[in-house]
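A.B. asks: Structure file final-v8.txt (compact mmCIF, C-alpha atoms) right here:
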```
# COMPACT_ATOMS: atom_id res chain seq x y z
CA MET E 1 -18.62 16.24 -1.94
CA ALA E 2 -22.30 16.40 -2.96
CA MET E 3 -24.26 13.53 -1.44
CA PRO E 4 -27.15 11.90 -3.29
CA ASP E 5 -30.45 11.20 -1.58
CA PHE E 6 -30.45 8.19 0.68
CA PRO E 7 -31.55 5.46 1.07
CA ILE E 8 -30.20 3.53 -1.91
CA GLU E 9 -32.44 0.74 -3.15
CA THR E 10 -31.15 -2.41 -4.82
CA GLU E 11 -33.11 -5.47 -5.86
CA ARG E 12 -33.28 -7.04 -2.41
CA LEU E 13 -31.63 -4.46 -0.15
CA THR E 14 -31.93 -0.96 1.20
CA LEU E 15 -28.74 0.91 2.10
CA ARG E 16 -29.54 3.61 4.61
CA ASN E 17 -27.89 5.67 7.35
CA PHE E 18 -27.46 4.11 10.76
CA HIS E 19 -29.70 5.10 13.69
CA LYS E 20 -29.21 4.76 17.43
CA SER E 21 -32.08 2.26 17.44
CA ASP E 22 -29.94 -0.19 15.42
CA LEU E 23 -27.93 -1.19 18.50
CA ASP E 24 -29.37 -4.70 18.97
CA ALA E 25 -29.04 -5.53 15.29
CA VAL E 26 -25.41 -4.33 15.15
CA MET E 27 -24.64 -6.07 18.42
CA ALA E 28 -25.83 -9.36 16.88
CA TYR E 29 -22.90 -9.49 14.43
CA HIS E 30 -20.25 -7.04 15.71
CA ALA E 31 -19.57 -8.92 18.89
CA LEU E 32 -18.91 -12.25 17.15
CA PRO E 33 -15.24 -13.31 17.23
CA GLU E 34 -15.15 -14.07 13.50
CA VAL E 35 -16.33 -10.50 12.79
CA GLN E 36 -14.14 -8.94 15.50
CA ARG E 37 -10.91 -9.97 13.86
CA TYR E 38 -11.56 -7.88 10.76
CA LEU E 39 -12.73 -4.75 12.59
CA ASP E 40 -10.71 -1.62 13.28
CA TRP E 41 -12.21 -1.18 16.72
CA LYS E 42 -13.01 -3.36 19.69
CA ALA E 43 -16.71 -4.21 19.85
CA ARG E 44 -16.98 -7.07 22.29
CA ASP E 45 -19.67 -5.78 24.62
CA ARG E 46 -22.71 -3.52 24.50
CA GLY E 47 -20.76 -0.43 25.56
CA GLU E 48 -18.13 -0.86 22.87
CA VAL E 49 -20.70 -1.65 20.18
CA LYS E 50 -22.68 1.44 21.20
CA ALA E 51 -19.57 3.58 20.78
CA ALA E 52 -18.98 2.05 17.34
CA LEU E 53 -22.62 2.64 16.38
CA ASP E 54 -22.45 6.27 17.52
CA ALA E 55 -19.48 6.75 15.22
CA MET E 56 -21.25 5.04 12.31
CA CYS E 57 -24.41 7.14 12.83
CA ALA E 58 -22.29 10.25 12.30
CA GLN E 59 -20.66 8.96 9.10
CA ARG E 60 -23.18 10.39 6.64
CA ARG E 61 -21.20 12.72 4.41
CA LEU E 62 -17.82 12.89 2.73
CA THR E 63 -16.83 16.46 3.53
CA ARG E 64 -13.08 16.18 3.82
CA PRO E 65 -10.48 13.45 3.21
CA GLY E 66 -10.53 10.94 6.02
CA ASP E 67 -14.34 11.06 6.32
CA ALA E 68 -16.31 7.85 5.92
CA LEU E 69 -19.80 7.24 4.61
CA THR E 70 -21.24 4.20 6.39
CA MET E 71 -24.52 2.60 5.40
CA ALA E 72 -26.64 -0.02 7.12
CA VAL E 73 -27.51 -2.95 4.84
CA VAL E 74 -31.16 -3.83 5.36
CA ARG E 75 -33.01 -6.73 3.72
CA LYS E 76 -36.25 -5.49 2.23
CA ALA E 77 -38.14 -8.76 2.60
CA ASP E 78 -38.16 -8.68 6.42
CA ASP E 79 -36.63 -5.24 7.16
CA MET E 80 -33.74 -6.96 8.94
CA LEU E 81 -30.39 -5.15 9.32
CA ILE E 82 -27.85 -7.70 8.08
CA GLY E 83 -24.61 -5.74 7.80
CA GLN E 84 -22.83 -2.52 6.94
CA ILE E 85 -20.84 -1.06 4.10
CA SER E 86 -18.70 2.07 3.91
CA LEU E 87 -16.59 4.28 1.71
CA ARG E 88 -13.71 6.16 3.31
CA TRP E 89 -12.44 9.13 1.30
CA THR E 90 -8.67 8.72 1.51
CA ASP E 91 -7.41 11.25 -1.06
CA ALA E 92 -9.40 14.19 -2.42
CA THR E 93 -7.16 15.41 -5.24
CA ALA E 94 -6.61 11.89 -6.60
CA GLY E 95 -10.25 10.83 -6.01
CA GLN E 96 -9.45 7.73 -3.94
CA ALA E 97 -11.68 5.86 -1.49
CA GLU E 98 -11.54 2.63 0.47
CA LEU E 99 -14.50 0.27 0.48
CA ARG E 100 -15.23 -1.85 3.56
CA PHE E 101 -18.11 -4.11 4.40
CA ILE E 102 -19.29 -6.55 7.04
CA LEU E 103 -22.13 -8.98 6.62
CA SER E 104 -23.63 -10.88 9.50
CA PRO E 105 -22.20 -14.44 9.30
CA ALA E 106 -25.71 -15.89 9.40
CA GLN E 107 -26.65 -14.04 6.19
CA ARG E 108 -23.67 -14.94 4.02
CA ARG E 109 -23.56 -16.93 0.77
CA GLN E 110 -26.73 -15.37 -0.60
CA GLY E 111 -25.16 -12.60 -2.68
CA TYR E 112 -26.10 -9.77 -0.31
CA ALA E 113 -22.51 -8.59 0.07
CA ARG E 114 -22.06 -8.55 -3.69
CA GLU E 115 -25.32 -6.65 -4.18
CA SER E 116 -24.32 -3.97 -1.66
CA VAL E 117 -20.74 -3.69 -2.98
CA ARG E 118 -22.12 -3.17 -6.48
CA ALA E 119 -24.40 -0.40 -5.21
CA MET E 120 -21.51 1.32 -3.41
CA LEU E 121 -19.27 1.19 -6.49
CA ASP E 122 -22.10 2.74 -8.53
CA LEU E 123 -22.47 5.40 -5.86
CA GLY E 124 -18.75 6.06 -5.66
CA PHE E 125 -18.12 6.35 -9.38
CA ASN E 126 -21.44 7.63 -10.78
CA GLU E 127 -22.61 9.94 -8.00
CA LEU E 128 -19.46 10.90 -6.12
CA GLY E 129 -17.13 11.00 -9.12
CA LEU E 130 -14.31 9.01 -7.53
CA HIS E 131 -11.38 7.88 -9.67
CA ARG E 132 -10.35 4.70 -7.88
CA ILE E 133 -11.90 2.55 -5.16
CA TYR E 134 -9.89 -0.05 -3.32
CA ALA E 135 -10.58 -2.69 -0.73
CA ARG E 136 -8.27 -4.64 1.56
CA CYS E 137 -8.81 -8.04 3.07
CA SER E 138 -6.88 -10.64 4.94
CA GLY E 139 -5.23 -13.32 2.83
CA ARG E 140 -7.22 -15.83 4.87
CA ASN E 141 -10.56 -14.23 4.08
CA GLN E 142 -11.20 -16.18 0.89
CA ALA E 143 -14.88 -15.29 0.66
CA SER E 144 -14.18 -11.56 0.51
CA ALA E 145 -11.27 -12.04 -1.89
CA LYS E 146 -13.45 -14.07 -4.25
CA LEU E 147 -16.27 -11.52 -4.11
CA LEU E 148 -13.96 -8.60 -4.91
CA LYS E 149 -12.32 -10.47 -7.77
CA ASP E 150 -15.63 -11.65 -9.24
CA ILE E 151 -17.06 -8.16 -9.19
CA GLY E 152 -14.22 -6.99 -11.44
CA MET E 153 -11.69 -5.55 -9.03
CA ARG E 154 -8.04 -6.27 -9.81
CA LEU E 155 -5.72 -7.84 -7.24
CA GLU E 156 -3.15 -5.05 -6.92
CA ALA E 157 -1.19 -6.24 -3.93
CA HIS E 158 -0.48 -9.36 -1.95
CA PHE E 159 1.66 -8.42 1.04
CA ARG E 160 3.15 -11.36 2.89
CA GLU E 161 4.20 -11.10 6.53
CA HIS E 162 4.37 -7.33 6.18
CA ALA E 163 3.08 -6.62 9.69
CA LEU E 164 2.13 -8.22 12.98
CA PHE E 165 -1.59 -8.48 13.70
CA GLN E 166 -2.66 -9.73 17.12
CA GLY E 167 0.68 -11.48 17.54
CA GLU E 168 0.70 -13.26 14.18
CA TRP E 169 2.14 -12.47 10.77
CA ASP E 170 -0.39 -10.67 8.67
CA GLU E 171 -1.12 -11.37 5.03
CA GLU E 172 -3.02 -8.67 3.20
CA LEU E 173 -4.66 -8.41 -0.20
CA HIS E 174 -5.52 -5.15 -1.96
CA PHE E 175 -8.11 -5.03 -4.71
CA ALA E 176 -8.84 -1.94 -6.78
CA ILE E 177 -10.92 -0.68 -9.65
CA LEU E 178 -10.75 2.56 -11.67
CA ASP E 179 -13.78 4.60 -12.71
CA ARG E 180 -13.40 3.71 -16.39
CA GLU E 181 -13.05 0.00 -15.61
CA TRP E 182 -16.25 0.00 -13.56
CA LEU E 183 -18.25 2.07 -16.03
CA ARG E 184 -17.11 -0.08 -18.97
CA GLY E 185 -18.05 -3.23 -17.04
CA SER E 186 -21.48 -1.81 -16.16
CA LYS E 187 -22.18 -0.95 -19.82
CA VAL E 188 -21.26 -4.46 -20.95
CA LYS E 189 -23.61 -5.94 -18.35
CA GLU E 190 -26.42 -3.61 -19.42
CA LEU E 191 -25.88 -4.57 -23.04
CA ASN E 192 -25.92 -8.28 -22.24
CA HIS E 193 -29.07 -7.78 -20.23
CA HIS E 194 -30.81 -6.12 -23.17
CA MET E 195 -29.66 -8.80 -25.59
CA VAL E 196 -31.00 -11.54 -23.34
CA ALA E 197 -34.25 -9.64 -22.90
CA MET T 1 17.35 -2.50 18.72
CA VAL T 2 20.52 -0.85 17.44
CA TYR T 3 22.27 -1.84 14.25
CA ALA T 4 25.59 -0.03 13.94
CA PRO T 5 27.63 -1.60 11.14
CA HIS T 6 31.34 -1.23 10.80
CA TYR T 7 32.25 1.03 7.88
CA PRO T 8 33.28 1.02 5.13
CA ILE T 9 31.33 -1.97 3.86
CA GLU T 10 33.07 -3.51 0.87
CA THR T 11 31.51 -5.23 -2.10
CA GLU T 12 33.46 -6.47 -5.10
CA ARG T 13 33.69 -3.11 -6.85
CA LEU T 14 32.11 -0.69 -4.39
CA ARG T 15 32.59 0.80 -0.97
CA LEU T 16 29.47 1.77 1.02
CA ARG T 17 30.25 4.35 3.68
CA PRO T 18 28.66 7.29 5.56
CA PHE T 19 28.52 10.58 3.70
CA THR T 20 31.11 13.29 4.29
CA ARG T 21 31.04 16.99 3.43
CA GLY T 22 33.39 16.31 0.55
CA ASP T 23 30.67 14.33 -1.27
CA VAL T 24 28.53 17.33 -2.23
CA ASP T 25 29.88 17.82 -5.76
CA ALA T 26 29.65 14.13 -6.62
CA VAL T 27 26.06 13.94 -5.37
CA PHE T 28 25.14 17.17 -7.14
CA ALA T 29 26.46 15.67 -10.40
CA TYR T 30 23.54 13.21 -10.53
CA ARG T 31 20.93 14.89 -8.30
CA GLN T 32 20.81 17.96 -10.56
CA ARG T 33 19.72 15.79 -13.51
CA GLU T 34 16.16 15.67 -14.78
CA ASP T 35 16.44 11.97 -15.67
CA VAL T 36 17.43 11.15 -12.08
CA ALA T 37 14.70 13.31 -10.52
CA GLN T 38 11.96 11.93 -12.78
CA TYR T 39 11.01 9.11 -10.43
CA LEU T 40 12.03 10.75 -7.14
CA PHE T 41 9.90 12.90 -4.85
CA ASP T 42 12.34 15.79 -5.22
CA GLY T 43 12.82 17.60 -8.47
CA PRO T 44 16.33 18.29 -9.86
CA MET T 45 18.28 19.74 -6.94
CA SER T 46 20.35 22.89 -6.63
CA HIS T 47 23.90 22.74 -5.30
CA GLU T 48 22.62 24.45 -2.17
CA SER T 49 19.94 21.86 -1.44
CA VAL T 50 22.35 19.00 -2.17
CA THR T 51 24.68 20.56 0.39
CA GLU T 52 21.86 20.51 2.96
CA VAL T 53 20.89 16.93 2.15
CA VAL T 54 24.47 15.66 2.37
CA GLN T 55 24.96 17.56 5.63
CA GLN T 56 21.87 15.86 7.07
CA ARG T 57 22.97 12.41 5.90
CA ILE T 58 26.44 12.60 7.44
CA GLY T 59 24.97 11.43 10.74
CA GLN T 60 22.58 8.82 9.32
CA TYR T 61 24.51 5.56 9.44
CA GLU T 62 22.88 3.56 12.26
CA LEU T 63 19.47 1.97 12.78
CA ASP T 64 18.55 2.90 16.33
CA GLY T 65 14.76 2.57 16.35
CA GLU T 66 11.62 2.79 14.25
CA GLY T 67 11.91 5.32 11.46
CA ALA T 68 15.72 5.38 11.64
CA LYS T 69 17.41 5.80 8.28
CA VAL T 70 20.81 4.76 7.00
CA PHE T 71 22.03 6.70 3.97
CA LEU T 72 25.35 5.67 2.48
CA ALA T 73 27.50 6.92 -0.34
CA ALA T 74 28.25 4.27 -2.96
CA GLU T 75 31.85 4.82 -3.93
CA LEU T 76 33.50 3.11 -6.85
CA LYS T 77 36.82 1.67 -5.71
CA GLU T 78 38.68 2.11 -8.98
CA PRO T 79 38.79 4.91 -9.97
CA GLN T 80 37.71 6.18 -6.58
CA ARG T 81 34.53 8.18 -7.11
CA VAL T 82 31.06 8.47 -5.54
CA ILE T 83 28.60 7.24 -8.18
CA GLY T 84 25.42 6.94 -6.15
CA GLU T 85 23.70 6.49 -2.83
CA VAL T 86 21.78 3.75 -1.05
CA SER T 87 19.37 3.67 1.87
CA LEU T 88 18.07 1.25 4.49
CA ILE T 89 15.10 2.47 6.55
CA LEU T 90 13.55 0.77 9.58
CA ARG T 91 9.80 1.06 8.94
CA ASP T 92 8.35 -1.22 11.62
CA ALA T 93 10.52 -2.35 14.52
CA PRO T 94 8.27 -5.04 16.14
CA ALA T 95 7.47 -6.64 12.77
CA ARG T 96 11.11 -6.15 11.63
CA GLN T 97 10.25 -4.46 8.33
CA ALA T 98 12.72 -2.34 6.39
CA GLU T 99 12.75 -0.50 3.09
CA ILE T 100 15.75 -0.19 0.80
CA GLY T 101 16.47 2.33 -1.93
CA TYR T 102 19.21 3.27 -4.38
CA ILE T 103 20.06 6.09 -6.76
CA PHE T 104 22.97 5.88 -9.21
CA HIS T 105 24.48 8.33 -11.67
CA PRO T 106 23.04 7.46 -15.13
CA GLU T 107 26.54 7.35 -16.61
CA PHE T 108 27.14 4.28 -14.45
CA HIS T 109 23.88 2.48 -15.18
CA GLY T 110 23.91 -0.92 -16.88
CA ARG T 111 26.99 -2.29 -15.16
CA GLY T 112 25.40 -4.02 -12.20
CA TYR T 113 26.48 -1.51 -9.57
CA ALA T 114 22.94 -0.99 -8.22
CA THR T 115 22.44 -4.76 -8.00
CA GLU T 116 25.77 -5.17 -6.22
CA ALA T 117 24.93 -2.43 -3.72
CA ALA T 118 21.33 -3.53 -3.17
CA ARG T 119 22.42 -7.12 -2.55
CA MET T 120 24.65 -5.77 0.22
CA LEU T 121 21.69 -3.79 1.62
CA LEU T 122 19.70 -7.02 1.84
CA GLU T 123 22.59 -8.74 3.59
CA MET T 124 22.92 -5.84 6.03
CA GLY T 125 19.18 -5.81 6.67
CA PHE T 126 18.64 -9.54 7.11
CA GLU T 127 21.92 -10.61 8.66
CA GLY T 128 23.07 -7.45 10.38
CA ALA T 129 19.81 -5.87 11.49
CA GLY T 130 17.80 -9.11 11.79
CA MET T 131 14.95 -7.96 9.58
CA HIS T 132 12.05 -10.29 8.71
CA ARG T 133 10.97 -8.60 5.47
CA ILE T 134 12.65 -6.03 3.25
CA TYR T 135 10.81 -4.17 0.54
CA ALA T 136 11.48 -1.58 -2.13
CA ARG T 137 9.16 0.61 -4.16
CA CYS T 138 9.52 2.20 -7.56
CA ASP T 139 7.62 3.81 -10.37
CA ALA T 140 6.32 1.14 -12.75
CA ARG T 141 8.01 2.92 -15.68
CA ASN T 142 11.39 2.70 -14.01
CA ALA T 143 12.37 -0.66 -15.48
CA GLY T 144 16.02 -0.18 -14.56
CA SER T 145 15.06 -0.08 -10.91
CA TRP T 146 12.61 -3.01 -10.71
CA LYS T 147 14.87 -5.23 -12.78
CA VAL T 148 17.45 -4.84 -10.03
CA MET T 149 14.86 -6.09 -7.53
CA GLU T 150 13.99 -9.05 -9.73
CA ARG T 151 17.65 -9.98 -10.12
CA LEU T 152 17.90 -10.06 -6.34
CA GLY T 153 14.99 -12.49 -6.12
CA MET T 154 12.52 -10.00 -4.70
CA ARG T 155 8.86 -10.75 -5.46
CA ARG T 156 6.53 -8.18 -6.98
CA GLU T 157 3.95 -7.85 -4.22
CA ALA T 158 2.03 -4.86 -5.48
CA HIS T 159 1.18 -3.04 -8.66
CA PHE T 160 -0.84 0.04 -7.74
CA ARG T 161 -2.47 1.79 -10.68
CA GLU T 162 -3.49 5.46 -10.56
CA HIS T 163 -3.57 5.29 -6.76
CA ALA T 164 -2.21 8.82 -6.34
CA LEU T 165 -1.15 11.90 -8.23
CA PHE T 166 2.60 12.27 -8.66
CA LYS T 167 4.02 15.44 -10.18
CA GLY T 168 0.68 16.20 -11.81
CA ALA T 169 0.12 12.80 -13.42
CA TRP T 170 -1.35 9.48 -12.32
CA ASP T 171 1.12 7.41 -10.40
CA GLU T 172 1.74 3.74 -11.02
CA GLU T 173 3.84 1.97 -8.42
CA PHE T 174 5.48 -1.41 -7.89
CA VAL T 175 6.37 -2.85 -4.50
CA TYR T 176 8.88 -5.70 -4.31
CA ALA T 177 9.64 -7.68 -1.19
CA LEU T 178 11.76 -10.50 0.18
CA LEU T 179 11.33 -12.47 3.41
CA GLU T 180 14.25 -13.57 5.57
CA GLY T 181 13.53 -17.25 4.81
CA GLU T 182 13.62 -16.56 1.09
CA TRP T 183 16.89 -14.66 1.50
CA ARG T 184 18.45 -17.57 3.35
CA ASP T 185 17.24 -20.07 0.74
CA ARG T 186 18.72 -17.99 -2.06
CA ALA T 187 21.97 -17.38 -0.26
CA GLY T 188 22.24 -21.09 0.63
CA ARG T 189 22.63 -20.23 4.30
```
Step by step, read the file and then write its structure as structure tokens.
C.D. replies:
Amino acid sequence: MAMPDFPIETERLTLRNFHKSDLDAVMAYHALPEVQRYLDWKARDRGEVKAALDAMCAQRRLTRPGDALTMAVVRKADDMLIGQISLRWTDATAGQAELRFILSPAQRRQGYARESVRAMLDLGFNELGLHRIYARCSGRNQASAKLLKDIGMRLEAHFREHALFQGEWDEELHFAILDREWLRGSKVKELNHHMVA
Amino acid sequence: MVYAPHYPIETERLRLRPFTRGDVDAVFAYRQREDVAQYLFDGPMSHESVTEVVQQRIGQYELDGEGAKVFLAAELKEPQRVIGEVSLILRDAPARQAEIGYIFHPEFHGRGYATEAARMLLEMGFEGAGMHRIYARCDARNAGSWKVMERLGMRREAHFREHALFKGAWDEEFVYALLEGEWRDRAGR
């Protein structure tokens, strides 16, 4: 898949590739228990976070299904790395990808997650030509669920007690959006913007 | 975990039992049809491939670990005739998750046979095999199938739109599920 030029600039953020020098910044949020529980990998100490960062540094292109593109979310105002966001290419012929993101707990409730999700959906649909992008979150993660819903993704699935996760019943939500839904939504927003202006 | 039911299992009008070699013609009668294959992974099947499938299913009547599959012939008691097939698959042993499925000859649709058989699958899964959650999937256009799930009290947990390509077109899928507590509440147990 042809990759656009990075970094991606939004109003307040820069989305760029990860570098080995990001270790302290990643360590600051990865190792927190409330972040841990939503991660795929263990990242409790410096060694484990370094391994995770090495993997993220290498996730720069979607070459074959299964590949992930992971971006560091950096605040322009103070050049601080505040989180990460990724697209994993799950199905090439059907143009499917999974969106995942983590924002440092200290930087939440300021719209940064929403701003970076919006940029990744633009990237996925406009630049990469994906057909459908989906995101999963725990039924208990109300902040993520609200964000995904507000941004225009549809709740496609609500699985109850469908698996065991760390010894407890898991509840999982799936949100999804199709290319034409996202592009239509973007046009309406543009139009509203012009009318207001 | 081993669940080895005693066969045949009787419902009001049906008998659920392991397949035998003698079932090939009856299975071929519906598996060769385009309207049956429409929502299945396989296309319409030849007599030869039905023979292979039936042969394989003869030994699949116990749940003896993750991934184990039970395939049973659904036989009408009167007149005695195989009119479909049902399945119970152990998808996740520690979390006690199973998937059920059913295929019936279109000539016997609309008489509640699939509902009768699927209700027995739920009973087998929850009460026999001790499952915690049982789910079923179907194409969103297959109203006959998801109405069976709704009649059984299963909840629509997912509606995936254009999440995959299926036979060259965008796929739309429903997932229905029922938890053991919900089953017990409904059954008044």
A.B. asks: Measure the distance from atom CA of E:Glu156 to atom CA of E:Phe175 in Å and round it to one decimal.
C.D. replies: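 Distance reported for this atom pair: 5.4 Å.
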A.B. asks: Work out how far apart atom CA of E:Gln142 and atom CA of E:Gln96 are and give it in Å to one decimal.
C.D. replies: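 Between atom CA of E:Gln142 and atom CA of E:Gln96 the gap works out to 24.5 Å.
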A.B. asks: Provide the atom CA of E:Ser21 to atom CA of E:Met56 distance in Å, to one decimal place.
C.D. replies: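 For atom CA of E:Ser21 relative to atom CA of E:Met56, the distance reads 12.3 Å.
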A.B. asks: Set the cut-off to 8 Å and count only C-alpha atoms: what are the residues of chain E that reach chain T? Output as a PyMOL selection string.
C.D. replies: chain E and resi 91+93-94+96+132+156-164+178
A.B. asks: List the spatial neighbours of E:Ala145 as a list in words - criterion: any atom at most 9 Å away, all atoms listed in the file, same-chain residues fewer than 3 positions off excluded.
C.D. replies: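 The residues that qualify are Arg136, Cys137, Ser138, Gly139, Arg140, Asn141, Gln142, Leu148, Lys149, Asp150, Leu155, Leu173, His174 and Phe175 of chain E.
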A.B. asks: Excluding stretch 3-11 of chain T and its own-chain neighbours fewer than 5 positions away, which residues fall within 9 Å of it when counting only C-alpha atoms? Please give them as a VMD selection string.
C.D. replies: chain T and resid 16 to 18 61 to 65 116 to 117 120 124 128 to 130
A.B. asks: Using only C-alpha atoms, which residues sit within 7 Å of stretch 114-127 of chain E once same-chain residues fewer than 5 positions away are excluded, as a VMD selection string?
C.D. replies: chain E and resid 4 147 179
A.B. asks: Which one of E:Gln166, E:Gln107, E:Ser186, E:Gln59 sits closest to E:Met71 if you count only C-alpha atoms?
C.D. replies: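 Between E:Gln166, E:Gln107, E:Ser186, E:Gln59, the residue approaching E:Met71 most closely is E:Gln59.
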A.B. asks: Skip E:Gln84 itself and residues of its chain fewer than 3 positions away, then list as a list in words all residues within 6 Å of it, counting only C-alpha atoms.
C.D. replies: Met71, Ala72, Val73, Phe101 and Ile102 of chain E
A.B. asks: Show me the residues close to (30.7, 7.2, -5.7) - anything with an atom within 9 Å, counting all atoms listed in the file - and format the list as a ChimeraX atom specification.
C.D. replies: /T:14-16,23,26-27,73-77,80-85,104-105
A.B. asks: Select, from T:Phe126, T:Met1, T:Gln32, T:Thr115, the residue with the minimum atom-to-atom distance to T:Ala68, counting all atoms listed in the file.
C.D. replies: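 Checking each candidate against T:Ala68, we get T:Met1 as the closest.
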A.B. asks: Would you kindly return, as a ChimeraX atom specification, each protein, DNA or RNA residue with an atom no farther than 12 Å from any atom of E:Glu48, considering all atoms listed in the file and excluding same-chain residues fewer than 6 positions away?
C.D. replies: /E:23,26-27,30-31,36,41-42,54-55
